[in-house]
>>> print(open('query_38.cif').read())   # mmCIF, C-alpha atoms and all ligand atoms
data_upload
#
loop_
_atom_site.label_atom_id
_atom_site.label_comp_id
_atom_site.auth_asym_id
_atom_site.auth_seq_id
_atom_site.Cartn_x
_atom_site.Cartn_y
_atom_site.Cartn_z
CA MET A 1 12.85 15.42 12.37
CA SER A 2 12.14 17.22 15.59
CA ASP A 3 14.94 19.71 15.01
CA ASP A 4 12.97 21.32 12.23
CA PRO A 5 9.81 23.14 13.29
CA HIS A 6 8.36 22.93 9.76
CA ASP A 7 8.72 19.21 9.69
CA THR A 8 5.88 18.29 11.95
CA ALA A 9 2.56 19.79 12.83
CA GLU A 10 0.56 18.99 15.90
CA SER A 11 1.70 15.55 16.84
CA ALA A 12 -0.71 14.99 19.67
CA GLY A 13 -3.19 12.16 19.28
CA PRO A 14 -6.91 12.75 18.72
CA ASP A 15 -7.53 13.00 22.44
CA GLY A 16 -4.77 15.54 22.85
CA GLY A 17 -2.61 12.94 24.55
CA ALA A 18 0.44 11.10 23.41
CA PRO A 19 1.40 10.84 19.74
CA THR A 20 -0.15 7.87 18.00
CA ALA A 21 2.96 5.72 17.99
CA GLY A 22 3.32 6.18 21.69
CA ARG A 23 0.34 3.97 22.37
CA THR A 24 1.20 0.62 23.75
CA GLY A 25 2.28 -2.01 21.29
CA ARG A 26 2.46 0.36 18.37
CA ASP A 27 6.05 1.44 18.68
CA ASP A 28 7.16 -0.56 15.69
CA VAL A 29 4.84 1.39 13.39
CA VAL A 30 7.11 3.42 11.16
CA LEU A 31 4.75 4.97 8.68
CA GLU A 32 1.04 5.26 9.01
CA ALA A 33 -1.81 6.69 6.99
CA VAL A 34 -5.03 7.56 8.77
CA GLY A 35 -8.15 8.31 6.76
CA LEU A 36 -6.04 8.90 3.70
CA THR A 37 -8.07 10.41 0.89
CA LYS A 38 -7.06 11.63 -2.54
CA HIS A 39 -9.42 13.20 -5.05
CA PHE A 40 -8.28 14.46 -8.44
CA PRO A 41 -10.48 17.35 -9.56
CA LEU A 42 -11.66 17.03 -13.14
CA ARG A 43 -10.24 19.63 -15.48
CA GLY A 44 -11.97 21.43 -18.33
CA ILE A 45 -14.60 24.07 -18.81
CA ARG A 46 -17.60 21.86 -18.18
CA ALA A 47 -15.88 19.55 -15.75
CA LYS A 48 -17.45 19.15 -12.36
CA GLY A 49 -16.43 16.89 -9.54
CA ALA A 50 -13.39 14.74 -8.97
CA VAL A 51 -11.99 11.28 -9.39
CA HIS A 52 -12.22 9.66 -5.97
CA ALA A 53 -9.00 7.71 -6.34
CA VAL A 54 -8.62 6.96 -2.61
CA ASP A 55 -11.37 7.46 -0.02
CA GLY A 56 -10.41 6.95 3.59
CA ILE A 57 -7.69 4.33 3.94
CA ASP A 58 -5.81 3.45 7.10
CA VAL A 59 -2.51 1.66 6.61
CA ALA A 60 0.20 0.99 9.19
CA LEU A 61 3.67 -0.06 8.05
CA ARG A 62 5.83 -1.69 10.69
CA SER A 63 9.55 -2.27 10.62
CA GLY A 64 10.47 -5.73 9.44
CA GLN A 65 7.02 -6.33 7.99
CA VAL A 66 5.62 -6.50 4.47
CA VAL A 67 2.12 -5.14 3.91
CA ALA A 68 0.47 -5.97 0.61
CA LEU A 69 -2.00 -3.58 -0.97
CA VAL A 70 -4.05 -5.62 -3.39
CA GLY A 71 -6.69 -4.59 -5.88
CA GLU A 72 -7.40 -4.51 -9.55
CA SER A 73 -6.16 -1.83 -11.87
CA GLY A 74 -7.65 1.58 -11.08
CA SER A 75 -8.47 0.79 -7.46
CA GLY A 76 -6.15 3.53 -6.15
CA LYS A 77 -3.09 1.53 -5.12
CA SER A 78 -0.51 3.70 -6.85
CA THR A 79 -2.21 6.80 -5.54
CA VAL A 80 -1.78 5.52 -1.98
CA ALA A 81 1.94 4.96 -2.61
CA ARG A 82 2.44 8.31 -4.30
CA VAL A 83 0.69 10.19 -1.52
CA LEU A 84 2.76 8.30 1.06
CA ALA A 85 5.88 9.22 -0.92
CA ARG A 86 4.56 12.79 -0.93
CA LEU A 87 4.75 13.05 -4.68
CA TYR A 88 1.49 14.91 -4.26
CA PRO A 89 -0.53 16.05 -1.27
CA GLN A 90 -3.49 14.18 0.14
CA THR A 91 -6.97 15.66 -0.03
CA GLU A 92 -7.74 14.54 3.51
CA GLY A 93 -6.27 12.38 6.21
CA ARG A 94 -2.96 12.21 8.00
CA ILE A 95 0.42 10.69 7.32
CA LEU A 96 2.46 9.90 10.39
CA LEU A 97 6.13 9.00 10.51
CA HIS A 98 6.98 7.54 13.91
CA GLY A 99 3.72 9.02 15.16
CA GLU A 100 4.39 12.56 14.00
CA ASP A 101 2.37 14.28 11.32
CA VAL A 102 4.30 14.72 8.12
CA THR A 103 3.63 18.07 6.58
CA ALA A 104 6.83 18.95 4.75
CA LYS A 105 6.30 19.54 1.05
CA ARG A 106 9.70 20.88 0.07
CA GLY A 107 13.10 21.88 1.34
CA ARG A 108 15.23 20.10 3.88
CA ALA A 109 12.38 18.58 5.80
CA PHE A 110 10.99 17.04 2.64
CA ARG A 111 14.37 15.65 1.66
CA ARG A 112 14.73 14.09 5.08
CA TYR A 113 11.36 12.44 4.66
CA ALA A 114 12.22 11.26 1.14
CA ARG A 115 15.35 9.66 2.46
CA ARG A 116 13.41 7.58 4.96
CA VAL A 117 10.59 6.67 2.60
CA GLN A 118 11.80 5.44 -0.77
CA MET A 119 9.72 4.31 -3.70
CA ILE A 120 10.34 1.55 -6.23
CA PHE A 121 8.39 1.75 -9.45
CA GLN A 122 6.79 -0.81 -11.66
CA ASP A 123 8.86 -0.14 -14.73
CA PRO A 124 12.60 -0.59 -14.22
CA PHE A 125 13.11 0.37 -17.87
CA ALA A 126 11.67 3.83 -17.33
CA SER A 127 13.04 4.45 -13.86
CA LEU A 128 16.74 4.27 -14.76
CA ASN A 129 18.29 6.94 -16.95
CA PRO A 130 19.58 5.14 -20.09
CA VAL A 131 22.59 7.44 -20.56
CA HIS A 132 24.10 6.70 -17.14
CA THR A 133 26.01 3.69 -15.89
CA VAL A 134 25.08 1.82 -12.74
CA ARG A 135 28.07 3.47 -11.07
CA TYR A 136 26.82 6.95 -11.92
CA THR A 137 23.25 6.24 -10.82
CA LEU A 138 24.24 4.78 -7.48
CA THR A 139 26.98 7.34 -6.82
CA ARG A 140 24.49 10.13 -7.35
CA SER A 141 22.05 8.63 -4.92
CA LEU A 142 24.76 7.95 -2.33
CA ARG A 143 26.06 11.52 -2.61
CA ILE A 144 22.60 13.01 -2.20
CA HIS A 145 22.01 11.07 0.95
CA GLN A 146 25.50 10.81 2.40
CA LYS A 147 27.34 14.00 1.74
CA GLY A 148 31.11 13.92 1.52
CA LEU A 149 31.36 10.28 0.52
CA ARG A 150 34.30 9.85 -1.85
CA GLY A 151 37.39 7.83 -2.67
CA GLN A 152 37.64 4.33 -1.27
CA ARG A 153 34.67 4.82 1.06
CA LEU A 154 32.47 5.67 -1.91
CA GLU A 155 33.80 2.68 -3.83
CA ASP A 156 33.11 0.39 -0.87
CA ALA A 157 29.61 1.79 -0.48
CA LEU A 158 28.89 1.23 -4.18
CA ARG A 159 30.07 -2.35 -4.02
CA GLY A 160 28.13 -2.92 -0.83
CA LEU A 161 24.93 -1.72 -2.45
CA LEU A 162 25.33 -4.03 -5.43
CA GLU A 163 26.11 -6.97 -3.18
CA ARG A 164 23.03 -6.22 -1.09
CA VAL A 165 20.88 -6.66 -4.20
CA GLN A 166 22.85 -9.73 -5.22
CA LEU A 167 24.59 -8.27 -8.25
CA ASN A 168 28.29 -8.97 -8.66
CA PRO A 169 29.96 -5.51 -8.47
CA ASP A 170 32.78 -6.42 -10.86
CA ARG A 171 30.31 -7.45 -13.52
CA PHE A 172 27.66 -4.80 -13.15
CA ILE A 173 29.12 -1.55 -11.86
CA ASP A 174 30.06 -0.11 -15.23
CA LYS A 175 27.06 -1.36 -17.17
CA PHE A 176 24.45 0.79 -18.85
CA PRO A 177 20.75 0.01 -18.31
CA HIS A 178 20.36 -1.40 -21.84
CA GLU A 179 22.98 -4.01 -21.02
CA LEU A 180 20.88 -5.34 -18.13
CA SER A 181 17.85 -7.61 -17.99
CA GLY A 182 14.61 -6.37 -16.48
CA GLY A 183 15.32 -8.14 -13.22
CA GLN A 184 18.85 -6.73 -13.03
CA ARG A 185 17.49 -3.23 -13.67
CA GLN A 186 14.93 -3.62 -10.91
CA ARG A 187 17.77 -4.71 -8.61
CA VAL A 188 19.70 -1.56 -9.51
CA ALA A 189 16.58 0.51 -8.84
CA ILE A 190 16.30 -1.17 -5.43
CA ALA A 191 20.00 -0.52 -4.76
CA ARG A 192 19.46 3.13 -5.61
CA ALA A 193 16.64 3.28 -3.07
CA LEU A 194 18.83 1.55 -0.47
CA ALA A 195 21.53 4.20 -0.96
CA ALA A 196 19.30 6.45 1.11
CA ASP A 197 19.31 3.92 3.97
CA PRO A 198 15.49 4.08 4.11
CA GLU A 199 13.14 2.83 6.80
CA VAL A 200 10.30 2.31 4.36
CA LEU A 201 10.16 0.99 0.81
CA LEU A 202 7.03 1.63 -1.21
CA ALA A 203 7.17 -0.95 -3.98
CA ASP A 204 4.53 -0.27 -6.63
CA GLU A 205 4.00 -3.49 -8.60
CA PRO A 206 7.76 -4.15 -8.58
CA ILE A 207 7.50 -7.46 -10.43
CA SER A 208 4.53 -7.05 -12.73
CA MET A 209 6.62 -5.98 -15.74
CA LEU A 210 9.24 -8.66 -15.26
CA ASP A 211 9.46 -12.10 -16.78
CA VAL A 212 7.63 -14.67 -14.73
CA SER A 213 10.84 -16.63 -14.18
CA ILE A 214 12.61 -13.83 -12.33
CA ARG A 215 9.73 -12.45 -10.26
CA ILE A 216 10.29 -14.73 -7.33
CA GLY A 217 13.95 -13.65 -7.13
CA ILE A 218 12.95 -10.01 -6.71
CA LEU A 219 10.37 -10.88 -4.05
CA ASN A 220 12.96 -12.96 -2.22
CA LEU A 221 15.33 -10.03 -2.36
CA LEU A 222 12.73 -7.69 -0.85
CA GLN A 223 12.02 -10.26 1.84
CA ASP A 224 15.73 -10.40 2.59
CA LEU A 225 15.80 -6.60 3.00
CA ARG A 226 12.84 -6.82 5.33
CA ASP A 227 14.54 -9.47 7.45
CA ARG A 228 18.11 -8.25 7.45
CA LEU A 229 17.62 -4.49 7.43
CA GLY A 230 14.23 -4.41 9.18
CA ILE A 231 12.76 -2.24 6.45
CA ALA A 232 9.00 -1.70 6.41
CA ILE A 233 7.71 -2.59 2.95
CA LEU A 234 4.47 -1.68 1.22
CA TYR A 235 4.07 -4.17 -1.60
CA ILE A 236 1.52 -3.12 -4.17
CA THR A 237 0.13 -5.77 -6.46
CA HIS A 238 -2.96 -6.72 -8.45
CA ASP A 239 -2.00 -10.36 -7.86
CA ILE A 240 -3.41 -11.65 -4.60
CA ALA A 241 -1.51 -14.93 -4.97
CA SER A 242 1.81 -13.12 -4.62
CA ALA A 243 0.51 -11.31 -1.52
CA ARG A 244 0.00 -14.65 0.16
CA TYR A 245 3.48 -15.73 -0.69
CA PHE A 246 5.23 -12.55 0.22
CA ALA A 247 3.29 -10.33 2.63
CA ASP A 248 2.72 -10.53 6.37
CA ARG A 249 -0.47 -8.49 6.21
CA THR A 250 -2.78 -7.85 3.30
CA TYR A 251 -5.10 -4.93 2.62
CA VAL A 252 -7.56 -5.39 -0.22
CA MET A 253 -8.83 -2.25 -1.93
CA TYR A 254 -11.77 -1.81 -4.20
CA ALA A 255 -12.46 1.45 -6.01
CA GLY A 256 -10.45 3.59 -3.62
CA ARG A 257 -11.78 2.00 -0.43
CA PRO A 258 -10.44 -0.73 1.84
CA VAL A 259 -12.69 -3.81 1.72
CA GLU A 260 -10.71 -6.31 3.78
CA THR A 261 -7.61 -6.44 5.95
CA GLY A 262 -5.88 -9.09 7.97
CA ASP A 263 -2.95 -11.44 8.09
CA SER A 264 -2.14 -12.57 4.55
CA GLU A 265 -2.80 -16.22 5.25
CA SER A 266 -6.39 -15.62 6.40
CA VAL A 267 -7.22 -13.03 3.78
CA THR A 268 -6.02 -15.23 0.93
CA GLN A 269 -7.11 -18.63 2.29
CA THR A 270 -10.46 -17.70 3.81
CA PRO A 271 -11.40 -14.40 2.18
CA ALA A 272 -14.36 -12.74 3.87
CA HIS A 273 -15.42 -10.06 1.40
CA PRO A 274 -17.22 -11.09 -1.79
CA TYR A 275 -14.72 -9.01 -3.75
CA THR A 276 -11.71 -10.73 -2.16
CA GLN A 277 -13.40 -14.05 -2.86
CA LEU A 278 -13.72 -13.04 -6.49
CA LEU A 279 -10.05 -12.03 -6.61
CA VAL A 280 -8.90 -15.29 -5.05
CA ARG A 281 -11.07 -17.38 -7.38
CA SER A 282 -9.81 -15.60 -10.46
CA ALA A 283 -6.18 -15.57 -9.33
CA PRO A 284 -3.79 -17.70 -11.28
CA ASP A 285 -1.98 -20.64 -9.76
CA PRO A 286 -0.27 -19.31 -6.61
CA GLU A 287 2.82 -21.37 -7.30
CA GLN A 288 3.35 -19.64 -10.60
CA LEU A 289 3.10 -16.01 -9.58
CA VAL A 290 1.77 -15.38 -13.04
CA SER A 291 -0.28 -12.28 -13.10
CA ALA A 292 -2.02 -11.63 -16.30
CA GLU A 293 -4.26 -8.64 -15.63
CA ARG A 294 -7.58 -10.20 -14.80
CA THR A 295 -10.63 -8.63 -13.36
CA GLY A 296 -12.70 -11.78 -13.46
CA GLY A 297 -16.27 -12.11 -12.39
CA ARG A 298 -19.20 -9.97 -13.19
CA GLY A 299 -19.20 -6.43 -14.38
CA GLU A 300 -16.75 -3.60 -14.49
CA PRO A 301 -15.10 -1.48 -11.84
CA PRO A 302 -17.26 1.54 -11.00
CA ASN A 303 -16.96 5.04 -12.26
CA MET A 304 -14.84 6.80 -9.67
CA VAL A 305 -16.05 10.28 -10.52
CA ASN A 306 -18.34 11.29 -7.67
CA PRO A 307 -19.25 7.72 -6.75
CA PRO A 308 -22.56 7.28 -4.90
CA GLU A 309 -22.90 6.28 -1.25
CA GLY A 310 -23.01 2.62 -0.44
CA CYS A 311 -20.62 -0.24 -1.03
CA ARG A 312 -18.75 0.40 -4.25
CA PHE A 313 -18.70 -3.28 -5.01
CA ALA A 314 -22.49 -3.58 -4.76
CA PRO A 315 -23.13 -3.38 -8.53
CA ARG A 316 -20.94 -6.48 -9.01
CA CYS A 317 -21.84 -8.30 -5.82
CA PRO A 318 -24.15 -11.33 -6.00
CA PHE A 319 -25.36 -10.69 -2.43
CA ALA A 320 -26.04 -6.95 -2.59
CA THR A 321 -29.25 -5.51 -1.15
CA ASP A 322 -30.62 -1.97 -0.81
CA VAL A 323 -28.59 -1.41 2.36
CA CYS A 324 -25.41 -2.15 0.39
CA ARG A 325 -26.44 0.26 -2.34
CA THR A 326 -27.18 3.13 0.02
CA VAL A 327 -25.02 2.91 3.16
CA THR A 328 -21.24 2.70 3.00
CA PRO A 329 -20.06 -0.23 5.11
CA PRO A 330 -17.18 0.61 7.48
CA LEU A 331 -14.50 -1.96 8.24
CA LEU A 332 -16.09 -4.36 10.73
CA GLN A 333 -13.93 -6.32 13.11
CA ILE A 334 -14.60 -10.00 12.40
CA GLY A 335 -11.64 -11.50 14.21
CA ARG A 336 -8.38 -10.68 15.84
CA ASP A 337 -6.59 -8.44 13.39
CA ARG A 338 -9.21 -9.11 10.74
CA GLN A 339 -11.62 -6.58 9.25
CA VAL A 340 -14.11 -6.57 6.43
CA ALA A 341 -16.29 -3.82 4.96
CA CYS A 342 -19.40 -5.85 4.21
CA TRP A 343 -22.89 -5.59 5.66
CA GLY A 344 -23.16 -9.35 5.37
CA TYR A 345 -21.32 -9.56 8.72
CA ALA A 346 -23.29 -6.84 10.48
CA THR A 347 -25.51 -9.11 12.57
CA GLN A 348 -22.46 -10.72 14.16
CA VAL A 349 -20.42 -7.63 14.95
CA PRO A 350 -21.43 -5.69 18.06
CA GLY A 351 -22.62 -2.20 17.27
CA ALA A 352 -22.76 -2.67 13.52
CA LEU A 353 -26.54 -2.85 13.31
CA ASP A 354 -26.76 0.66 14.76
CA LEU A 355 -25.22 1.90 11.54
CA VAL A 356 -27.94 0.73 9.16
CA PRO A 357 -31.44 2.21 8.86
CA SER A 358 -33.13 -1.16 8.72
CA THR A 359 -32.10 -4.69 9.52
CA ASP A 360 -34.74 -6.25 7.27
CA ASP A 361 -32.72 -6.13 4.20
CA LEU A 362 -29.16 -7.08 5.12
CA PRO A 363 -27.29 -9.25 2.61
CA GLU A 364 -27.13 -12.99 3.33
CA LEU A 365 -23.71 -14.37 2.45
CA GLY A 366 -24.67 -17.95 3.32
CA ASP A 367 -21.81 -20.37 2.72
CA ALA A 368 -19.67 -17.51 1.44
CA ALA A 369 -19.42 -16.00 4.94
CA VAL A 370 -16.37 -16.80 7.05
CA PRO A 371 -16.85 -17.47 10.77
CA VAL A 372 -16.70 -14.39 12.95
CA THR A 373 -14.83 -14.39 16.23
CA VAL A 374 -15.70 -11.39 18.31
CA VAL A 375 -12.57 -10.20 20.01
CA ASP A 376 -13.51 -7.02 21.75
CA THR A 377 -16.97 -5.57 21.98
CA ALA A 378 -15.55 -2.06 21.90
CA ALA A 379 -14.07 -2.81 18.50
CA ALA A 380 -17.32 -2.84 16.62
CA SER A 381 -15.98 -0.85 13.76
CA THR A 382 -15.72 2.45 12.09
CA THR A 383 -12.98 3.97 10.09
CA THR A 384 -12.96 7.13 12.15
CA THR A 385 -11.35 5.55 15.21
CA PRO A 386 -8.56 3.51 13.69
CA GLU A 387 -6.89 2.60 16.97
CA VAL A 388 -9.79 0.43 18.13
CA THR A 389 -9.91 -1.49 14.89
CA ARG A 390 -6.43 -2.88 15.00
P1 LIG B 1 -4.04 1.54 -9.41
O1 LIG B 1 -2.62 1.82 -9.09
O2 LIG B 1 -4.73 0.69 -8.39
O3 LIG B 1 -4.20 0.96 -10.78
P2 LIG B 1 -4.32 4.42 -9.47
O4 LIG B 1 -4.00 4.86 -8.09
O5 LIG B 1 -3.27 4.57 -10.49
O6 LIG B 1 -4.85 2.92 -9.41
O7 LIG B 1 -5.61 5.19 -9.98
C1 LIG B 1 -6.82 5.28 -9.23
C2 LIG B 1 -7.78 6.20 -9.96
O8 LIG B 1 -7.28 7.53 -9.92
C3 LIG B 1 -7.97 5.87 -11.43
O9 LIG B 1 -9.32 6.11 -11.76
C4 LIG B 1 -7.05 6.83 -12.12
O10 LIG B 1 -7.53 7.12 -13.42
C5 LIG B 1 -7.12 8.05 -11.23
N1 LIG B 1 -5.89 8.83 -11.24
C6 LIG B 1 -4.65 8.40 -10.85
N2 LIG B 1 -3.75 9.41 -10.95
C7 LIG B 1 -4.42 10.48 -11.43
C8 LIG B 1 -4.04 11.83 -11.75
N3 LIG B 1 -2.78 12.25 -11.59
N4 LIG B 1 -5.01 12.66 -12.22
C9 LIG B 1 -6.28 12.23 -12.38
N5 LIG B 1 -6.70 10.99 -12.07
C10 LIG B 1 -5.80 10.11 -11.61
MG MG B 2 -0.91 1.34 -10.20
#
>>> encode(input="query_38.cif", output="structure tokens", more="lines below")
Ligand code: ADP
Ligand code: MG
Amino acid sequence: MSDDPHDTAESAGPDGGAPTAGRTGRDDVVLEAVGLTKHFPLRGIRAKGAVHAVDGIDVALRSGQVVALVGESGSGKSTVARVLARLYPQTEGRILLHGEDVTAKRGRAFRRYARRVQMIFQDPFASLNPVHTVRYTLTRSLRIHQKGLRGQRLEDALRGLLERVQLNPDRFIDKFPHELSGGQRQRVAIARALAADPEVLLADEPISMLDVSIRIGILNLLQDLRDRLGIAILYITHDIASARYFADRTYVMYAGRPVETGDSESVTQTPAHPYTQLLVRSAPDPEQLVSAERTGGRGEPPNMVNPPEGCRFAPRCPFATDVCRTVTPPLLQIGRDRQVACWGYATQVPGALDLVPSTDDLPELGDAAVPVTVVDTAAASTTTTPEVTR
């Protein structure tokens, strides 16, 4: 990217030093969002304000790793993916590819970015053009990304792509989308993304429209791409059970905000945030990967138009106090690589009490709290200094 001056803006870190990815131990971060925020202004004569679809999310995608973004419908998951894919610009925050700010919106620089960061959509029926064969669809994608590919080399590349997604080329190459099952179509959509030889796949609920019986096959395929090609994968799902099965790290979102992050095993087995606990309790049998849309629990997701300060989950939370309703909890470090945005942990996290006006009225999670292991006293919290929270 560095050969194009429009491709990157200032790539220095916040302290004016090295780019973010240059910090020790972070070299495998391919794509990163810092403080990512997306508001959609309301339209209409009397409209005022905006839908706060995403409000300050940090996500780091590493090569050879799957990160799950979990949350119920409307929590802002697709918006995160679309902003990362640069289908529309963010309202605030930075997107970094290999530590360099991504600013390209069009032209060559944008196409280079789009090649590295590919998106897979929920609906494989809508994402493939019904009038074109598999051969046409994949050839087009190959030609866009690898100019001059023709003849036997093109044919070999086409067959290679189909084999990579475990479709027999002889059987499938001349098929039309209507001749394929949902799972086969999603495989073709994945093959089309792979034609770009991407470093990142943004998979937005890639299995939720598929028959239960074939979901696991698609997840296994994505896992195979992670392992064999080292692709960084963002796996978006409303089904926390599948995150446990499939993802290395899990980020839970509620109403546009991150509420909990950590390794998938901890987040799904010993969830710390009352919302994650609700999700895990209402999740279907993890062995089944069934994901009927469930919100479970008490109440409705909040109105995201000009939401008030405070924890957005507070209206549904059995533990909420006035602090929760008035002061937004940042992600607090409650263990190595484990964060939760809940005031219920504030007394145990160094520095956190400085952020609330009064300590009289903090929520008591009781048995619902998970044990806190303080790792680093400097890592008290805050979403504004992401490097200390990881
Ligand atoms: P999820 O994928 O988690 O279901 P989305 O990211 O699709 O959530 O949506 C988050 C919020 O942003 C919702 O309230 C949704 O209505 C709103 N939203 C999404 N896209 C747009 C858009 N293009 N214009 C206006 N509002 C939008
Ligand atoms: Mg969505």
>>> residues_near_ligand(input="query_38.cif", ligand="ligand MG 2 (chain B)", cutoff="10 Å", atoms="all atoms listed in the file", output="list in words")
Gly71, Glu72, Ser73, Gly74, Ser75, Gly76, Lys77, Ser78, Thr79, Val80, Ala81, Arg82, Phe121, Gln122, Asp204, Glu205, Ile236, Thr237 and His238 of chain A
>>> atom_distance(input="query_38.cif", atom1="CA of Asp354 in chain A", atom2="CA of Pro329 in chain A")
11.8 Å
>>> atom_distance(input="query_38.cif", atom1="CA of Asn303 in chain A", atom2="CA of Tyr88 in chain A")
22.4 Å
>>> atom_distance(input="query_38.cif", atom1="CA of Tyr245 in chain A", atom2="CA of Ser264 in chain A")
8.3 Å
>>> closest_residue(input="query_38.cif", among="A:Asn306, A:Thr139, A:Gln186, A:Gln90", to="Ser127 in chain A", atoms="only C-alpha atoms")
A:Gln186
>>> closest_residue(input="query_38.cif", among="A:Pro274, A:Pro41, A:Gly64, A:Pro206", to="Leu225 in chain A", atoms="all atoms listed in the file")
A:Gly64
>>> closest_residue(input="query_38.cif", among="A:Leu201, A:Ile173, A:Ile120, A:Ala195", to="Arg62 in chain A", atoms="only C-alpha atoms")
A:Leu201
>>> closest_residue(input="query_38.cif", among="A:Met304, A:Ala320, A:Leu97, A:Ile45", to="ligand LIG 1 (chain B)", atoms="only C-alpha atoms and all ligand atoms")
A:Met304
>>> closest_residue(input="query_38.cif", among="A:Leu202, A:Val30, A:Ala50, A:Ala189", to="ligand LIG 1 (chain B)", atoms="all atoms listed in the file")
A:Ala50
>>> residues_around(input="query_38.cif", residues="range 340-350 of chain A", least_positions_apart="5", cutoff="10 Å", atoms="all atoms listed in the file", output="ChimeraX atom specification")
/A:251-252,257-262,267,271-276,311,313-314,319-321,323-324,327-335,355-356,359,361-366,368-383
>>> residues_around(input="query_38.cif", residues="range 152-166 of chain A", least_positions_apart="2", cutoff="10 Å", atoms="all atoms listed in the file", output="VMD selection string")
chain A and resid 134 to 136 138 to 139 142 to 143 146 148 to 150 168 to 170 172 to 173 184 186 to 195 217 to 218 221 to 222 224 to 225
>>> residues_around(input="query_38.cif", residues="Tyr235 in chain A", least_positions_apart="2", cutoff="6 Å", atoms="only C-alpha atoms", output="PyMOL selection string")
chain A and resi 67-68+203
>>> closest_residue(input="query_38.cif", among="A:Ala53, A:Pro307, A:Asp197, A:Arg338", to="Glu265 in chain A", atoms="only C-alpha atoms")
A:Arg338
>>> axis_aligned_box(input="query_38.cif", around="ligand LIG 1 (chain B)", padding_each_side="4 Å", output="JSON")
{"center_x": -6.0, "center_y": 6.7, "center_z": -10.8, "size_x": 14.7, "size_y": 20.0, "size_z": 13.3}
>>> residues_around(input="query_38.cif", residues="Ala283 in chain A", least_positions_apart="2", cutoff="7 Å", atoms="only C-alpha atoms", output="short mmCIF file (atom, residue, chain, number, x, y, z; two decimals) with C-alpha atoms, keeping the file's coordinate frame")
data_model
loop_
_atom_site.label_atom_id
_atom_site.label_comp_id
_atom_site.auth_asym_id
_atom_site.auth_seq_id
_atom_site.Cartn_x
_atom_site.Cartn_y
_atom_site.Cartn_z
CA ASP A 239 -2.00 -10.36 -7.86
CA ILE A 240 -3.41 -11.65 -4.60
CA ALA A 241 -1.51 -14.93 -4.97
CA LEU A 279 -10.05 -12.03 -6.61
CA VAL A 280 -8.90 -15.29 -5.05
CA ARG A 281 -11.07 -17.38 -7.38
CA ASP A 285 -1.98 -20.64 -9.76
#
>>> residues_around(input="query_38.cif", residues="Pro130 in chain A", least_positions_apart="6", cutoff="10 Å", atoms="all atoms listed in the file", output="PyMOL selection string")
chain A and resi 176-179
>>> write_last_selection(input="query_38.cif", atoms="C-alpha atoms", output="PDB file, keeping the file's coordinate frame")
ATOM      1  CA  PHE A 176      24.450   0.790 -18.850  1.00  0.00           C
ATOM      2  CA  PRO A 177      20.750   0.010 -18.310  1.00  0.00           C
ATOM      3  CA  HIS A 178      20.360  -1.400 -21.840  1.00  0.00           C
ATOM      4  CA  GLU A 179      22.980  -4.010 -21.020  1.00  0.00           C
TER       5      GLU A 179
END
>>> residues_near_point(input="query_38.cif", point="(16.3, 7.6, -0.6)", cutoff="9 Å", atoms="only C-alpha atoms", output="NGL selection string")
:A and (111-119 or 141-142 or 144-145 or 192-198)
>>> decode(input="query_38.cif", residues="range 160-169 of chain A", atoms="N, CA and C atoms", output="compact mmCIF listing (two decimals), in the first residue's frame")
# COMPACT_ATOMS: atom_id res chain seq x y z
N GLY A 160 -8.84 -25.03 -8.78
CA GLY A 160 -8.22 -24.92 -7.47
C GLY A 160 -9.15 -24.26 -6.46
N LEU A 161 -9.84 -23.22 -6.90
CA LEU A 161 -10.76 -22.53 -5.99
C LEU A 161 -11.88 -23.45 -5.54
N LEU A 162 -12.44 -24.19 -6.49
CA LEU A 162 -13.55 -25.10 -6.12
C LEU A 162 -13.06 -26.21 -5.20
N GLU A 163 -11.87 -26.70 -5.47
CA GLU A 163 -11.33 -27.74 -4.59
C GLU A 163 -11.09 -27.20 -3.19
N ARG A 164 -10.63 -25.97 -3.10
CA ARG A 164 -10.37 -25.35 -1.80
C ARG A 164 -11.63 -25.27 -0.95
N VAL A 165 -12.78 -25.11 -1.60
CA VAL A 165 -14.04 -25.07 -0.83
C VAL A 165 -14.75 -26.42 -0.88
N GLN A 166 -14.02 -27.44 -1.26
CA GLN A 166 -14.50 -28.82 -1.23
C GLN A 166 -15.71 -29.06 -2.12
N LEU A 167 -15.68 -28.44 -3.31
CA LEU A 167 -16.68 -28.77 -4.33
C LEU A 167 -15.94 -29.41 -5.51
N ASN A 168 -16.47 -30.51 -5.98
CA ASN A 168 -15.85 -31.20 -7.10
C ASN A 168 -15.97 -30.35 -8.37
N PRO A 169 -14.84 -29.90 -8.95
CA PRO A 169 -14.92 -28.99 -10.11
C PRO A 169 -15.74 -29.57 -11.26
